[in-house]
>>> print(open('final_29.tsv').read())   # TSV, C-alpha atoms and all ligand atoms
chain	number	residue	atom	x	y	z
J	985	MET	CA	-1.98	27.46	95.32
J	986	THR	CA	0.23	26.29	92.47
J	987	THR	CA	3.35	24.30	93.30
J	988	HIS	CA	6.12	23.12	90.99
J	989	HIS	CA	4.81	25.46	88.25
J	990	LEU	CA	4.40	29.18	87.64
J	991	GLU	CA	1.44	30.91	89.26
J	992	SER	CA	-1.22	32.11	86.77
J	993	GLU	CA	-0.45	35.68	87.76
J	994	THR	CA	3.24	35.22	86.93
J	995	ILE	CA	2.37	33.89	83.46
J	996	LEU	CA	-0.05	36.78	83.00
J	997	ARG	CA	2.59	39.34	83.90
J	998	LEU	CA	5.11	37.60	81.65
J	999	ALA	CA	2.69	37.76	78.72
J	1000	GLY	CA	1.95	41.41	79.46
J	1001	GLY	CA	5.61	42.36	79.76
J	1002	SER	CA	5.31	43.62	83.33
J	1003	LEU	CA	7.34	40.87	85.01
J	1004	ASP	CA	10.76	41.97	86.24
J	1005	PRO	CA	13.42	40.79	83.72
J	1006	VAL	CA	15.16	38.51	86.26
J	1007	LEU	CA	11.86	36.80	87.08
J	1008	ALA	CA	11.02	36.62	83.37
J	1009	LEU	CA	14.32	34.88	82.63
J	1010	VAL	CA	13.68	32.14	85.19
J	1011	ALA	CA	10.01	31.88	84.13
J	1012	ARG	CA	11.03	31.35	80.49
J	1013	THR	CA	13.69	28.81	81.52
J	1014	HIS	CA	10.99	26.79	83.30
J	1015	ILE	CA	8.63	27.17	80.33
J	1016	ALA	CA	11.34	25.78	78.04
J	1017	CYS	CA	10.88	22.41	79.75
J	1018	CYS	CA	7.23	22.62	80.87
J	1019	PRO	CA	4.44	22.03	78.32
J	1020	GLU	CA	1.79	22.99	80.87
J	1021	CYS	CA	3.07	26.50	81.60
J	1022	GLY	CA	4.13	26.91	77.96
J	1023	GLY	CA	0.54	26.14	76.88
J	1024	ALA	CA	-0.85	28.68	79.34
J	1025	LEU	CA	1.54	31.38	78.06
J	1026	ALA	CA	0.68	30.57	74.41
J	1027	ALA	CA	-3.04	30.82	75.19
J	1028	LEU	CA	-2.54	34.22	76.77
J	1029	GLU	CA	-0.39	35.44	73.91
J	1030	ASP	CA	-3.04	34.26	71.44
J	1031	ALA	CA	-5.59	36.28	73.37
J	1032	GLY	CA	-3.17	39.21	73.51
J	1033	GLY	CA	-5.02	41.51	71.14
J	1034	VAL	CA	-8.05	41.38	73.38
J	1035	PHE	CA	-6.67	42.85	76.55
J	1036	LEU	CA	-2.94	42.56	77.06
J	1037	ASP	CA	-2.35	46.04	75.70
J	1038	ASP	CA	-4.29	47.33	78.69
J	1039	ILE	CA	-1.94	45.88	81.27
J	1040	ALA	CA	-0.28	48.52	83.37
J	1041	PRO	CA	3.22	47.71	84.58
J	1042	GLU	CA	1.88	47.42	88.10
J	1043	PRO	CA	0.10	44.77	90.17
J	1044	VAL	CA	-2.60	43.02	88.20
J	1045	SER	CA	-6.11	44.21	89.09
J	1046	ALA	CA	-8.68	41.70	90.25
J	1047	THR	CA	-10.82	42.32	87.17
J	1048	LEU	CA	-7.96	41.83	84.76
J	1049	ARG	CA	-6.91	38.71	86.59
J	1050	GLU	CA	-10.44	37.27	86.31
J	1051	ARG	CA	-10.58	38.03	82.59
J	1052	ALA	CA	-7.20	36.44	82.04
J	1053	LEU	CA	-8.05	33.35	84.01
J	1054	ALA	CA	-11.32	33.10	82.07
J	1055	ALA	CA	-9.28	33.27	78.86
J	1056	LEU	CA	-7.12	30.45	80.15
J	1057	ASP	CA	-10.21	28.38	80.99
J	1058	THR	CA	-11.65	28.80	77.49
J	1059	ALA	CA	-8.33	28.22	75.73
J	1060	PRO	CA	-8.09	24.96	73.79
J	1061	GLU	CA	-6.48	22.16	75.73
J	1062	THR	CA	-2.88	21.57	74.86
J	1063	PRO	CA	-2.49	18.31	72.94
J	1064	ALA	CA	-2.77	15.17	75.01
J	1065	THR	CA	0.21	15.94	77.22
J	1066	PRO	CA	-0.62	15.01	80.79
J	1067	ALA	CA	-0.58	18.19	82.86
J	1068	GLN	CA	1.80	16.92	85.47
J	1069	ARG	CA	5.29	17.87	86.47
J	1070	PRO	CA	7.65	19.41	83.95
J	1071	ILE	CA	9.83	17.20	81.83
J	1072	ALA	CA	12.83	16.22	83.90
J	1073	LEU	CA	16.02	17.89	82.77
J	1074	GLN	CA	19.09	15.93	81.83
J	1075	PRO	CA	21.30	16.13	84.92
J	1076	GLY	CA	23.84	18.91	84.67
J	1077	THR	CA	22.36	20.55	81.59
J	1078	VAL	CA	20.92	24.04	81.34
J	1079	PRO	CA	17.80	24.94	79.35
J	1080	ALA	CA	17.36	28.11	77.29
J	1081	PRO	CA	17.32	31.04	77.79
J	1082	LEU	CA	19.50	30.57	80.90
J	1083	ASP	CA	22.11	28.69	78.86
J	1084	ALA	CA	22.91	31.90	76.98
J	1085	MET	CA	24.02	33.38	80.29
J	1086	ILE	CA	25.89	30.53	81.96
J	1087	GLY	CA	26.60	28.04	79.19
J	1088	ASP	CA	25.11	24.57	79.04
J	1089	ASP	CA	27.47	22.79	81.45
J	1090	LEU	CA	26.75	23.19	85.16
J	1091	SER	CA	30.04	21.54	86.09
J	1092	ALA	CA	31.86	24.53	84.57
J	1093	VAL	CA	30.27	27.08	86.92
J	1094	ARG	CA	32.74	28.84	89.23
J	1095	TRP	CA	31.30	28.83	92.73
J	1096	ARG	CA	31.98	31.15	95.65
J	1097	SER	CA	31.54	29.53	99.06
J	1098	ILE	CA	29.32	31.70	101.29
J	1099	ALA	CA	28.71	29.32	104.22
J	1100	PRO	CA	29.51	25.69	105.03
J	1101	GLY	CA	27.78	23.63	102.35
J	1102	VAL	CA	26.44	26.69	100.51
J	1103	ALA	CA	27.97	28.22	97.37
J	1104	LYS	CA	26.71	31.01	95.16
J	1105	HIS	CA	27.39	32.30	91.68
J	1106	ASP	CA	26.05	35.79	90.94
J	1107	LEU	CA	24.66	36.42	87.49
J	1108	PRO	CA	24.45	39.76	85.73
J	1109	THR	CA	21.14	41.50	86.19
J	1110	PRO	CA	19.36	42.23	82.91
J	1111	LYS	CA	18.80	45.86	82.03
J	1112	GLY	CA	15.68	47.34	83.59
J	1113	SER	CA	15.59	44.88	86.47
J	1114	ARG	CA	15.38	45.82	90.12
J	1115	GLY	CA	15.84	42.22	91.18
J	1116	ARG	CA	18.73	39.85	91.75
J	1117	LEU	CA	19.73	36.71	89.91
J	1118	PHE	CA	22.10	33.99	91.08
J	1119	LEU	CA	22.83	30.28	91.12
J	1120	LEU	CA	22.83	28.50	94.45
J	1121	LYS	CA	24.50	25.18	95.20
J	1122	ILE	CA	23.62	23.56	98.53
J	1123	ALA	CA	25.15	20.36	99.87
J	1124	PRO	CA	23.11	17.16	100.28
J	1125	GLY	CA	21.14	17.00	103.54
J	1126	LYS	CA	21.73	20.70	104.32
J	1127	ARG	CA	18.90	22.65	105.95
J	1128	VAL	CA	18.29	26.31	105.17
J	1129	PRO	CA	16.99	28.37	108.14
J	1130	GLU	CA	13.31	29.28	107.99
J	1131	HIS	CA	12.82	32.44	105.97
J	1132	GLY	CA	10.30	34.56	104.17
J	1133	HIS	CA	10.61	36.62	101.02
J	1134	GLY	CA	10.47	40.38	100.62
J	1135	GLY	CA	8.81	40.08	97.23
J	1136	THR	CA	8.18	37.53	94.54
J	1137	GLU	CA	10.92	34.94	94.21
J	1138	LEU	CA	11.27	32.28	91.54
J	1139	THR	CA	13.56	29.30	92.20
J	1140	MET	CA	14.05	26.67	89.53
J	1141	VAL	CA	15.95	23.48	90.29
J	1142	LEU	CA	18.57	22.56	87.70
J	1143	SER	CA	20.18	19.56	89.41
J	1144	GLY	CA	19.53	17.53	92.58
J	1145	SER	CA	16.44	18.24	94.66
J	1146	TYR	CA	15.15	19.91	97.80
J	1147	SER	CA	12.02	19.50	99.89
J	1148	ASP	CA	9.88	21.75	102.06
J	1149	HIS	CA	6.25	21.68	103.24
J	1150	LEU	CA	5.13	22.21	99.63
J	1151	GLY	CA	6.76	18.98	98.44
J	1152	CYS	CA	9.89	17.78	96.68
J	1153	PHE	CA	11.36	19.97	93.93
J	1154	GLY	CA	13.55	18.30	91.29
J	1155	PRO	CA	15.11	19.36	87.97
J	1156	GLY	CA	12.74	21.57	85.98
J	1157	ASP	CA	10.42	22.29	88.92
J	1158	VAL	CA	9.90	25.88	89.90
J	1159	ALA	CA	8.86	27.39	93.24
J	1160	ASP	CA	6.91	30.59	92.65
J	1161	LEU	CA	6.88	32.14	96.11
J	1162	ASP	CA	5.28	35.39	97.14
J	1163	ALA	CA	6.04	37.61	100.10
J	1164	ASP	CA	3.61	35.79	102.42
J	1165	LEU	CA	5.19	32.37	102.25
J	1166	GLU	CA	7.73	31.21	104.79
J	1167	HIS	CA	9.53	27.93	104.42
J	1168	ARG	CA	12.41	25.88	105.70
J	1169	PRO	CA	13.79	23.93	102.76
J	1170	HIS	CA	16.28	21.10	103.07
J	1171	VAL	CA	18.32	19.52	100.33
J	1172	ASP	CA	17.58	15.84	99.77
J	1173	PRO	CA	20.38	13.34	100.45
J	1174	GLY	CA	22.59	12.03	97.66
J	1175	ALA	CA	23.60	15.03	95.56
J	1176	PRO	CA	23.93	18.80	95.90
J	1177	CYS	CA	20.97	20.87	94.78
J	1178	ILE	CA	21.75	23.50	92.16
J	1179	SER	CA	19.08	26.06	91.43
J	1180	VAL	CA	18.70	29.39	89.72
J	1181	VAL	CA	17.04	32.05	91.86
J	1182	ALA	CA	15.48	35.34	90.80
J	1183	SER	CA	14.18	37.62	93.52
J	1184	GLU	CA	12.70	41.09	93.59
J	1185	THR	CA	14.13	41.81	97.02
J	1186	PRO	CA	16.44	40.07	99.50
J	1187	VAL	CA	15.29	37.00	101.37
J	1188	ARG	CA	14.15	37.73	104.94
J	1189	PHE	CA	15.50	35.23	107.45
J	1190	LYS	CA	13.67	34.65	110.72
J	1191	GLY	CA	15.12	33.93	114.13
J	1192	LEU	CA	18.50	34.80	115.59
J	1193	ILE	CA	20.53	32.26	113.63
J	1194	GLY	CA	18.87	33.28	110.39
J	1195	ARG	CA	19.42	36.98	111.04
J	1196	LEU	CA	23.07	36.35	111.88
J	1197	LEU	CA	23.45	34.34	108.70
J	1198	GLN	CA	21.70	36.87	106.45
J	1199	PRO	CA	24.69	39.18	105.89
J	1200	VAL	CA	26.97	36.17	105.47
J	1201	LEU	CA	24.74	34.41	102.96
J	1202	GLY	CA	23.97	37.60	101.10
J	1203	ILE	CA	20.81	36.14	99.61
Z	1	ZN	ZN	5.18	24.56	84.62
>>> encode(input="final_29.tsv", output="structure tokens")
Amino acid sequence: MTTHHLESETILRLAGGSLDPVLALVARTHIACCPECGGALAALEDAGGVFLDDIAPEPVSATLRERALAALDTAPETPATPAQRPIALQPGTVPAPLDAMIGDDLSAVRWRSIAPGVAKHDLPTPKGSRGRLFLLKIAPGKRVPEHGHGGTELTMVLSGSYSDHLGCFGPGDVADLDADLEHRPHVDPGAPCISVVASETPVRFKGLIGRLLQPVLGI
């Protein structure tokens, strides 16, 4: 599976206009600082006349997915940029298009404490979205209880970093998690981790502690 970048299916749905607007906003914010995902989106948009008009606003069919991935495989390579991790963001800055919503200075965000070491800032949900969008600030060294996800969730780190079994996620990295994945992230020592989260449905916490925390955390 893809880690630190958008899944191919997410880029496909973004190109076809069927990605929920909250997910699309976070996807485009990652793309603004990731040549690799930006190249994949450009290749799909170039191929748009061929098949994108056929995309139904529903889960992508296996056939369509194969055709799209084939289009990606035959797309010209993006110029000699190593396909590695996204460009690191300047600490505390906010890339477009998220900056239009929260400004470009993370230190100016007004946080609401929701649990010890955890603060949240709700963002307005774009029209037509059924999802939720918020910023999350978690203290250094803090562990989040193991949880799964009711639907697709995109988390992009803006400042600091966190780690789980998929690796370490720093500024610019995105976690594109589907409903099947369960993880137990912890924030790395040194600085709080600030991320923007878009989710189709609420997070599902496991275990007694997690279930008790769920209504408190409200995420
Ligand atoms: Zn990427």
>>> atom_distance(input="final_29.tsv", atom1="CA of Phe1118 in chain J", atom2="CA of Ser1183 in chain J")
9.0 Å
>>> closest_residue(input="final_29.tsv", among="J:Gly1151, J:Gly1135, J:Pro1075, J:Gly1001", to="Glu1184 in chain J", atoms="all atoms listed in the file")
J:Gly1135
>>> closest_residue(input="final_29.tsv", among="J:Ile1086, J:Leu996, J:Leu1120, J:Val1078", to="Ile1098 in chain J", atoms="only C-alpha atoms")
J:Leu1120
>>> residues_near_ligand(input="final_29.tsv", ligand="ligand ZN 1 (chain Z)", cutoff="12 Å", atoms="all atoms listed in the file", output="number ranges by chain")
J: 986-992, 994-995, 1010-1025, 1066-1072, 1140, 1155-1160
>>> closest_residue(input="final_29.tsv", among="J:Cys1177, J:Leu1009, J:Val1102, J:Ala1026", to="Ala1080 in chain J", atoms="all atoms listed in the file")
J:Leu1009
>>> atom_distance(input="final_29.tsv", atom1="CA of Asp1004 in chain J", atom2="CA of Ala1027 in chain J")
20.9 Å
>>> closest_residue(input="final_29.tsv", among="J:Gly1154, J:Pro1100, J:Pro1081, J:Pro1129", to="His1170 in chain J", atoms="only C-alpha atoms")
J:Pro1129
>>> closest_residue(input="final_29.tsv", among="J:Leu1142, J:Lys1111, J:Lys1121, J:Leu1003", to="Asp1083 in chain J", atoms="all atoms listed in the file")
J:Leu1142
>>> atom_distance(input="final_29.tsv", atom1="CA of Leu1117 in chain J", atom2="CA of His1105 in chain J")
9.0 Å
>>> closest_residue(input="final_29.tsv", among="J:Met1085, J:Arg997, J:Thr1136, J:Ala1175", to="Thr1109 in chain J", atoms="all atoms listed in the file")
J:Met1085
>>> residues_around(input="final_29.tsv", residues="Pro1124 in chain J", least_positions_apart="5", cutoff="6 Å", atoms="all atoms listed in the file", output="tab-separated table (two decimals) with C-alpha atoms, in the coordinates of the input")
chain	number	residue	atom	x	y	z
J	1171	VAL	CA	18.32	19.52	100.33
J	1172	ASP	CA	17.58	15.84	99.77
J	1173	PRO	CA	20.38	13.34	100.45
J	1174	GLY	CA	22.59	12.03	97.66
J	1175	ALA	CA	23.60	15.03	95.56
J	1176	PRO	CA	23.93	18.80	95.90
